[in-house]
$ cat run.tsv   # TSV, N, CA and C atoms and all ligand atoms
chain	number	residue	atom	x	y	z
A	690	LEU	N	-38.03	89.08	187.33
A	690	LEU	CA	-37.33	90.36	187.33
A	690	LEU	C	-38.17	91.41	186.60
A	691	ASP	N	-38.76	91.01	185.47
A	691	ASP	CA	-39.61	91.96	184.73
A	691	ASP	C	-40.79	92.42	185.58
A	692	THR	N	-41.36	91.51	186.36
A	692	THR	CA	-42.50	91.85	187.22
A	692	THR	C	-42.10	92.87	188.27
A	693	VAL	N	-40.98	92.63	188.90
A	693	VAL	CA	-40.51	93.54	189.96
A	693	VAL	C	-40.18	94.91	189.36
A	694	MET	N	-39.51	94.91	188.22
A	694	MET	CA	-39.16	96.18	187.59
A	694	MET	C	-40.43	96.93	187.15
A	695	GLY	N	-41.43	96.19	186.66
A	695	GLY	CA	-42.70	96.81	186.28
A	695	GLY	C	-43.39	97.43	187.47
A	696	TRP	N	-43.38	96.71	188.58
A	696	TRP	CA	-44.01	97.21	189.81
A	696	TRP	C	-43.32	98.50	190.25
A	697	HIS	N	-41.99	98.51	190.21
A	697	HIS	CA	-41.23	99.70	190.60
A	697	HIS	C	-41.63	100.89	189.74
A	698	GLY	N	-41.73	100.65	188.42
A	698	GLY	CA	-42.10	101.74	187.52
A	698	GLY	C	-43.52	102.23	187.76
A	699	GLU	N	-44.46	101.30	187.96
A	699	GLU	CA	-45.86	101.65	188.18
A	699	GLU	C	-46.06	102.43	189.47
A	700	HIS	N	-45.23	102.19	190.45
A	700	HIS	CA	-45.38	102.82	191.76
A	700	HIS	C	-44.42	103.98	191.98
A	701	GLY	N	-43.82	104.44	190.89
A	701	GLY	CA	-42.99	105.64	190.98
A	701	GLY	C	-41.75	105.48	191.83
A	702	ARG	N	-41.26	104.28	191.95
A	702	ARG	CA	-40.06	104.06	192.76
A	702	ARG	C	-38.80	104.45	191.98
A	703	ALA	N	-37.73	104.61	192.71
A	703	ALA	CA	-36.43	104.90	192.08
A	703	ALA	C	-36.06	103.73	191.17
A	704	PRO	N	-35.29	104.00	190.13
A	704	PRO	CA	-34.89	102.91	189.23
A	704	PRO	C	-34.24	101.76	190.01
A	705	LEU	N	-34.62	100.57	189.64
A	705	LEU	CA	-34.10	99.37	190.31
A	705	LEU	C	-32.76	98.99	189.68
A	706	LEU	N	-31.74	98.92	190.51
A	706	LEU	CA	-30.44	98.48	190.01
A	706	LEU	C	-30.48	96.96	189.80
A	707	HIS	N	-30.06	96.52	188.63
A	707	HIS	CA	-30.13	95.10	188.34
A	707	HIS	C	-29.10	94.70	187.28
A	708	GLU	N	-28.87	93.40	187.16
A	708	GLU	CA	-28.03	92.85	186.10
A	708	GLU	C	-28.76	91.65	185.52
A	709	ARG	N	-28.55	91.42	184.24
A	709	ARG	CA	-29.12	90.23	183.60
A	709	ARG	C	-27.99	89.44	182.98
A	710	PHE	N	-28.11	88.14	183.07
A	710	PHE	CA	-27.13	87.25	182.46
A	710	PHE	C	-27.85	86.28	181.54
A	711	LYS	N	-27.17	85.90	180.49
A	711	LYS	CA	-27.73	84.86	179.63
A	711	LYS	C	-26.60	84.02	179.07
A	712	ALA	N	-26.95	82.82	178.66
A	712	ALA	CA	-25.95	81.92	178.11
A	712	ALA	C	-25.45	82.47	176.78
A	713	ALA	N	-24.16	82.22	176.52
A	713	ALA	CA	-23.58	82.62	175.24
A	713	ALA	C	-24.24	81.84	174.10
A	714	PRO	N	-24.32	82.41	172.91
A	714	PRO	CA	-24.91	81.69	171.78
A	714	PRO	C	-24.09	80.46	171.44
A	715	VAL	N	-24.76	79.44	171.00
A	715	VAL	CA	-24.09	78.19	170.65
A	715	VAL	C	-23.92	78.12	169.14
A	716	VAL	N	-22.70	77.81	168.72
A	716	VAL	CA	-22.39	77.62	167.30
A	716	VAL	C	-22.33	76.11	167.07
A	717	ALA	N	-23.14	75.59	166.17
A	717	ALA	CA	-23.31	74.15	166.05
A	717	ALA	C	-22.09	73.41	165.53
A	718	GLY	N	-21.44	73.84	164.47
A	718	GLY	CA	-20.32	73.10	163.90
A	718	GLY	C	-20.81	71.92	163.08
A	719	GLU	N	-19.94	70.91	162.91
A	719	GLU	CA	-20.25	69.79	162.02
A	719	GLU	C	-20.54	68.48	162.74
A	720	GLY	N	-20.01	68.30	163.95
A	720	GLY	CA	-20.13	67.01	164.62
A	720	GLY	C	-19.06	66.05	164.14
A	721	GLY	N	-19.01	64.86	164.73
A	721	GLY	CA	-18.02	63.87	164.32
A	721	GLY	C	-17.95	62.71	165.28
A	722	ARG	N	-16.95	61.86	165.08
A	722	ARG	CA	-16.77	60.68	165.93
A	722	ARG	C	-15.69	60.99	166.98
A	723	VAL	N	-16.04	60.70	168.24
A	723	VAL	CA	-15.11	60.95	169.34
A	723	VAL	C	-14.59	59.62	169.86
A	724	HIS	N	-13.28	59.48	169.87
A	724	HIS	CA	-12.64	58.26	170.37
A	724	HIS	C	-12.06	58.58	171.76
A	725	PHE	N	-12.27	57.68	172.70
A	725	PHE	CA	-11.80	57.88	174.08
A	725	PHE	C	-10.59	56.96	174.28
A	726	SER	N	-9.40	57.55	174.29
A	726	SER	CA	-8.17	56.76	174.22
A	726	SER	C	-7.93	55.90	175.45
A	727	ARG	N	-8.32	56.35	176.64
A	727	ARG	CA	-8.04	55.56	177.85
A	727	ARG	C	-9.01	54.40	178.02
A	728	THR	N	-10.28	54.64	177.70
A	728	THR	CA	-11.29	53.60	177.92
A	728	THR	C	-11.56	52.77	176.67
A	729	GLY	N	-11.12	53.27	175.52
A	729	GLY	CA	-11.31	52.53	174.29
A	729	GLY	C	-12.67	52.68	173.65
A	730	GLY	N	-13.54	53.47	174.23
A	730	GLY	CA	-14.88	53.65	173.66
A	730	GLY	C	-14.90	54.73	172.60
A	731	GLN	N	-16.06	54.90	172.01
A	731	GLN	CA	-16.24	55.98	171.05
A	731	GLN	C	-17.71	56.37	171.01
A	732	ALA	N	-17.96	57.57	170.46
A	732	ALA	CA	-19.33	58.07	170.35
A	732	ALA	C	-19.46	58.92	169.10
A	733	GLU	N	-20.60	58.86	168.49
A	733	GLU	CA	-20.91	59.73	167.35
A	733	GLU	C	-21.58	60.97	167.93
A	734	ALA	N	-20.98	62.13	167.70
A	734	ALA	CA	-21.51	63.38	168.27
A	734	ALA	C	-22.11	64.22	167.15
A	735	ALA	N	-23.38	64.51	167.26
A	735	ALA	CA	-24.05	65.36	166.27
A	735	ALA	C	-23.55	66.79	166.40
A	736	ALA	N	-23.81	67.59	165.38
A	736	ALA	CA	-23.42	69.01	165.41
A	736	ALA	C	-23.99	69.68	166.66
A	737	GLY	N	-23.14	70.44	167.35
A	737	GLY	CA	-23.59	71.17	168.53
A	737	GLY	C	-23.53	70.38	169.82
A	738	VAL	N	-23.23	69.09	169.73
A	738	VAL	CA	-23.11	68.26	170.94
A	738	VAL	C	-21.68	68.41	171.47
A	739	SER	N	-21.55	68.82	172.71
A	739	SER	CA	-20.22	69.04	173.28
A	739	SER	C	-19.49	67.71	173.48
A	740	LEU	N	-18.18	67.80	173.60
A	740	LEU	CA	-17.38	66.61	173.88
A	740	LEU	C	-17.78	66.01	175.23
A	741	LEU	N	-18.15	66.85	176.18
A	741	LEU	CA	-18.62	66.37	177.48
A	741	LEU	C	-19.90	65.54	177.31
A	742	GLU	N	-20.84	66.06	176.54
A	742	GLU	CA	-22.09	65.32	176.32
A	742	GLU	C	-21.82	64.03	175.57
A	743	ALA	N	-20.91	64.07	174.61
A	743	ALA	CA	-20.57	62.86	173.86
A	743	ALA	C	-19.99	61.80	174.79
A	744	ALA	N	-19.12	62.22	175.70
A	744	ALA	CA	-18.53	61.27	176.66
A	744	ALA	C	-19.61	60.70	177.57
A	745	GLU	N	-20.51	61.52	178.02
A	745	GLU	CA	-21.59	61.04	178.89
A	745	GLU	C	-22.51	60.07	178.14
A	746	GLN	N	-22.76	60.37	176.85
A	746	GLN	CA	-23.58	59.46	176.05
A	746	GLN	C	-22.91	58.11	175.88
A	747	ALA	N	-21.57	58.10	175.95
A	747	ALA	CA	-20.82	56.85	175.84
A	747	ALA	C	-20.68	56.15	177.19
A	748	GLY	N	-21.32	56.70	178.22
A	748	GLY	CA	-21.29	56.07	179.54
A	748	GLY	C	-20.15	56.52	180.43
A	749	LEU	N	-19.37	57.50	179.99
A	749	LEU	CA	-18.27	58.00	180.81
A	749	LEU	C	-18.78	59.10	181.75
A	750	LYS	N	-18.00	59.36	182.78
A	750	LYS	CA	-18.38	60.38	183.75
A	750	LYS	C	-17.21	61.35	183.96
A	751	PRO	N	-16.92	62.18	182.95
A	751	PRO	CA	-15.81	63.13	183.11
A	751	PRO	C	-16.10	64.15	184.20
A	752	LYS	N	-15.03	64.62	184.85
A	752	LYS	CA	-15.20	65.68	185.85
A	752	LYS	C	-15.75	66.92	185.16
A	753	HIS	N	-16.67	67.59	185.80
A	753	HIS	CA	-17.22	68.83	185.26
A	753	HIS	C	-17.86	69.62	186.39
A	754	GLY	N	-18.16	70.88	186.09
A	754	GLY	CA	-18.83	71.74	187.06
A	754	GLY	C	-19.94	72.51	186.38
A	755	CYS	N	-19.60	73.69	185.90
A	755	CYS	CA	-20.60	74.63	185.39
A	755	CYS	C	-21.27	74.23	184.08
A	756	ARG	N	-20.59	73.46	183.28
A	756	ARG	CA	-21.06	73.06	181.94
A	756	ARG	C	-21.27	74.25	181.00
A	757	MET	N	-20.61	75.36	181.29
A	757	MET	CA	-20.74	76.53	180.41
A	757	MET	C	-19.42	77.27	180.20
A	758	GLY	N	-18.31	76.59	180.40
A	758	GLY	CA	-17.02	77.15	180.06
A	758	GLY	C	-16.40	78.08	181.08
A	759	ILE	N	-16.92	78.13	182.28
A	759	ILE	CA	-16.43	79.08	183.27
A	759	ILE	C	-15.43	78.46	184.24
A	760	CYS	N	-15.71	77.29	184.78
A	760	CYS	CA	-14.92	76.77	185.90
A	760	CYS	C	-13.65	76.03	185.49
A	761	HIS	N	-13.53	75.57	184.28
A	761	HIS	CA	-12.38	74.83	183.75
A	761	HIS	C	-12.22	73.44	184.38
A	762	THR	N	-13.18	72.99	185.16
A	762	THR	CA	-13.10	71.66	185.78
A	762	THR	C	-13.04	70.54	184.75
A	763	CYS	N	-13.64	70.76	183.61
A	763	CYS	CA	-13.77	69.71	182.60
A	763	CYS	C	-12.59	69.63	181.64
A	764	LYS	N	-11.55	70.44	181.84
A	764	LYS	CA	-10.45	70.46	180.86
A	764	LYS	C	-9.90	69.06	180.64
A	765	CYS	N	-9.70	68.76	179.38
A	765	CYS	CA	-9.23	67.43	178.99
A	765	CYS	C	-8.36	67.57	177.74
A	766	ARG	N	-7.37	66.68	177.61
A	766	ARG	CA	-6.45	66.73	176.48
A	766	ARG	C	-7.07	66.11	175.24
A	767	VAL	N	-6.98	66.84	174.14
A	767	VAL	CA	-7.36	66.29	172.84
A	767	VAL	C	-6.07	65.79	172.20
A	768	SER	N	-5.95	64.48	172.08
A	768	SER	CA	-4.72	63.89	171.51
A	768	SER	C	-4.55	64.32	170.07
A	769	LYS	N	-5.65	64.28	169.31
A	769	LYS	CA	-5.60	64.77	167.94
A	769	LYS	C	-7.02	64.97	167.44
A	770	GLY	N	-7.15	65.87	166.49
A	770	GLY	CA	-8.45	66.12	165.88
A	770	GLY	C	-8.81	67.59	165.87
A	771	ARG	N	-9.87	67.90	165.13
A	771	ARG	CA	-10.34	69.27	165.00
A	771	ARG	C	-11.56	69.46	165.90
A	772	VAL	N	-11.56	70.55	166.66
A	772	VAL	CA	-12.69	70.86	167.53
A	772	VAL	C	-13.19	72.26	167.23
A	773	ARG	N	-14.44	72.50	167.56
A	773	ARG	CA	-15.03	73.82	167.41
A	773	ARG	C	-15.43	74.35	168.78
A	774	ASP	N	-15.05	75.58	169.08
A	774	ASP	CA	-15.49	76.26	170.29
A	774	ASP	C	-16.95	76.65	170.08
A	775	LEU	N	-17.84	76.08	170.89
A	775	LEU	CA	-19.27	76.31	170.71
A	775	LEU	C	-19.70	77.72	171.09
A	776	GLN	N	-18.83	78.45	171.77
A	776	GLN	CA	-19.18	79.82	172.15
A	776	GLN	C	-18.70	80.84	171.12
A	777	SER	N	-17.45	80.67	170.67
A	777	SER	CA	-16.89	81.66	169.74
A	777	SER	C	-17.07	81.25	168.28
A	778	GLY	N	-17.27	79.95	168.05
A	778	GLY	CA	-17.38	79.44	166.68
A	778	GLY	C	-16.03	79.09	166.08
A	779	GLU	N	-14.94	79.38	166.79
A	779	GLU	CA	-13.59	79.11	166.27
A	779	GLU	C	-13.37	77.60	166.12
A	780	SER	N	-12.82	77.21	164.99
A	780	SER	CA	-12.50	75.81	164.75
A	780	SER	C	-10.98	75.69	164.65
A	781	ARG	N	-10.40	74.68	165.32
A	781	ARG	CA	-8.94	74.54	165.25
A	781	ARG	C	-8.52	73.09	165.41
A	782	GLU	N	-7.40	72.79	164.79
A	782	GLU	CA	-6.80	71.45	164.85
A	782	GLU	C	-5.96	71.38	166.12
A	783	LEU	N	-6.13	70.30	166.89
A	783	LEU	CA	-5.39	70.16	168.14
A	783	LEU	C	-4.54	68.89	168.09
A	784	ASN	N	-3.43	68.96	168.83
A	784	ASN	CA	-2.51	67.83	168.89
A	784	ASN	C	-1.87	67.82	170.27
A	785	GLY	N	-2.65	67.40	171.27
A	785	GLY	CA	-2.13	67.33	172.63
A	785	GLY	C	-2.48	68.50	173.52
A	786	GLN	N	-3.29	69.42	173.05
A	786	GLN	CA	-3.69	70.56	173.88
A	786	GLN	C	-4.96	70.23	174.68
A	787	GLU	N	-5.15	70.94	175.79
A	787	GLU	CA	-6.34	70.75	176.61
A	787	GLU	C	-7.42	71.74	176.20
A	788	VAL	N	-8.66	71.30	176.27
A	788	VAL	CA	-9.81	72.17	176.02
A	788	VAL	C	-10.86	71.92	177.10
A	789	ARG	N	-11.73	72.88	177.25
A	789	ARG	CA	-12.90	72.69	178.13
A	789	ARG	C	-13.92	71.90	177.30
A	790	ILE	N	-14.11	70.65	177.68
A	790	ILE	CA	-14.93	69.78	176.83
A	790	ILE	C	-16.42	70.10	176.90
A	791	CYS	N	-16.82	70.95	177.83
A	791	CYS	CA	-18.25	71.32	177.90
A	791	CYS	C	-18.61	72.36	176.84
A	792	VAL	N	-17.62	73.04	176.28
A	792	VAL	CA	-17.91	74.09	175.30
A	792	VAL	C	-17.15	73.89	173.99
A	793	HIS	N	-16.68	72.66	173.77
A	793	HIS	CA	-16.04	72.32	172.50
A	793	HIS	C	-16.71	71.08	171.93
A	794	ALA	N	-16.81	71.03	170.62
A	794	ALA	CA	-17.44	69.91	169.94
A	794	ALA	C	-16.50	69.36	168.87
A	795	ALA	N	-16.74	68.11	168.50
A	795	ALA	CA	-15.93	67.47	167.47
A	795	ALA	C	-16.26	68.02	166.10
A	796	GLU	N	-15.21	68.12	165.27
A	796	GLU	CA	-15.38	68.44	163.86
A	796	GLU	C	-14.64	67.32	163.10
A	797	GLY	N	-15.34	66.23	162.89
A	797	GLY	CA	-14.70	65.06	162.32
A	797	GLY	C	-14.21	64.15	163.44
A	798	ASP	N	-13.19	63.34	163.15
A	798	ASP	CA	-12.66	62.40	164.16
A	798	ASP	C	-11.81	63.16	165.19
A	799	VAL	N	-12.10	62.89	166.45
A	799	VAL	CA	-11.36	63.51	167.56
A	799	VAL	C	-10.98	62.43	168.54
A	800	GLU	N	-9.73	62.47	169.00
A	800	GLU	CA	-9.30	61.53	170.03
A	800	GLU	C	-9.11	62.30	171.33
A	801	LEU	N	-9.86	61.87	172.34
A	801	LEU	CA	-9.89	62.55	173.63
A	801	LEU	C	-9.24	61.67	174.68
A	802	ASP	N	-8.46	62.26	175.59
A	802	ASP	CA	-7.76	61.52	176.62
A	802	ASP	C	-8.71	61.23	177.79
A	803	LEU	N	-9.66	60.39	177.55
A	803	LEU	CA	-10.62	59.96	178.59
A	803	LEU	C	-10.72	58.45	178.58
B	901	LIG	S1	-17.64	72.27	183.29
B	901	LIG	FE1	-17.00	74.28	183.84
B	901	LIG	S2	-15.73	74.85	182.18
B	901	LIG	FE2	-16.52	72.94	181.58

$ encode --input "run.tsv" --output "structure tokens"
Amino acid sequence: LDTVMGWHGEHGRAPLLHERFKAAPVVAGEGGRVHFSRTGGQAEAAAGVSLLEAAEQAGLKPKHGCRMGICHTCKCRVSKGRVRDLQSGESRELNGQEVRICVHAAEGDVELDL
């Protein structure tokens, strides 16, 4: 995109209409142990590792799509535990609510309905 815009400027062309997108900043958090209530497995998730990545590291294959918090395909119930939103940095205690596991990480022990 920079090359094309540079060429336009060098050749006196009209301004090029464009948009740029980038991933939201990631807030690392603390990490923790994720327990998978349906399969009985668990995984140790380092700071900044999403619940989706933790599940995949444990050999699970949760449904997902975009992996960036847009499609909501990965929503999963957190039975209990504290999670951090990796995009906003918000940390909250959950007890049966669903989260997008691709953009949330464990903060201590978390039990996930997988
Ligand atoms: S995979 Fe799309 S929101 Fe999580």

$ closest_residue --input "run.tsv" --among "A:Arg766, A:Arg702, A:Arg727, A:Lys752" --to "ligand LIG 901 (chain B)" --atoms "all atoms listed in the file"
A:Lys752

$ axis_aligned_box --input "run.tsv" --around "ligand LIG 901 (chain B)" --padding-each-side "5 Å" --output "AutoDock Vina command-line options"
--center_x -16.7 --center_y 73.6 --center_z 182.7 --size_x 11.9 --size_y 12.6 --size_z 12.3

$ select_by_dssp --input "run.tsv" --residues "chain A" --states "helix (DSSP H, G or I)" --output "list in words"
Asp691, Thr692, Val693, Met694, Gly695, Trp696, His697, Gly698, Glu699, Leu740, Leu741, Glu742, Ala743, Ala744, Glu745 and Gln746 of chain A

$ residues_around --input "run.tsv" --residues "Gly754 of chain A" --least-positions-apart "3" --cutoff "6 Å" --atoms "only N, CA and C atoms" --output "NGL selection string"
:A and (757 or 762-763)

$ closest_residue --input "run.tsv" --among "A:Ala703, A:Ala734, A:Ala747, A:Cys755" --to "ligand LIG 901 (chain B)" --atoms "only C-alpha atoms and all ligand atoms"
A:Cys755

$ closest_atom_pairs --input "run.tsv" --of "chain A" --to "ligand LIG 901 (chain B)" --cutoff "12 Å" --atoms "only C-alpha atoms and all ligand atoms" --output "CSV"
residue,atom,partner,partner_atom,distance
A:Ser739,CA,B:LIG901,FE2,9.9
A:Leu740,CA,B:LIG901,FE2,10.0
A:Leu741,CA,B:LIG901,FE2,8.0
A:Glu742,CA,B:LIG901,S1,10.8
A:Lys750,CA,B:LIG901,S1,11.9
A:Pro751,CA,B:LIG901,S1,9.3
A:Lys752,CA,B:LIG901,S1,7.5
A:His753,CA,B:LIG901,S1,4.0
A:Gly754,CA,B:LIG901,S1,4.0
A:Cys755,CA,B:LIG901,FE1,3.9
A:Arg756,CA,B:LIG901,S1,3.8
A:Met757,CA,B:LIG901,FE1,5.6
A:Gly758,CA,B:LIG901,S2,3.4
A:Ile759,CA,B:LIG901,S2,4.4
A:Cys760,CA,B:LIG901,FE1,3.8
A:His761,CA,B:LIG901,S2,3.7
A:Thr762,CA,B:LIG901,FE1,5.1
A:Cys763,CA,B:LIG901,FE2,4.4
A:Lys764,CA,B:LIG901,FE2,6.6
A:Cys765,CA,B:LIG901,FE2,9.5
A:Asp774,CA,B:LIG901,FE2,11.8
A:Leu775,CA,B:LIG901,FE2,11.7
A:Gln776,CA,B:LIG901,S2,11.7
A:Glu787,CA,B:LIG901,FE2,11.5
A:Val788,CA,B:LIG901,FE2,8.7
A:Arg789,CA,B:LIG901,FE2,5.0
A:Ile790,CA,B:LIG901,FE2,5.9
A:Cys791,CA,B:LIG901,FE2,4.4
A:Val792,CA,B:LIG901,FE2,6.5
A:His793,CA,B:LIG901,FE2,9.1
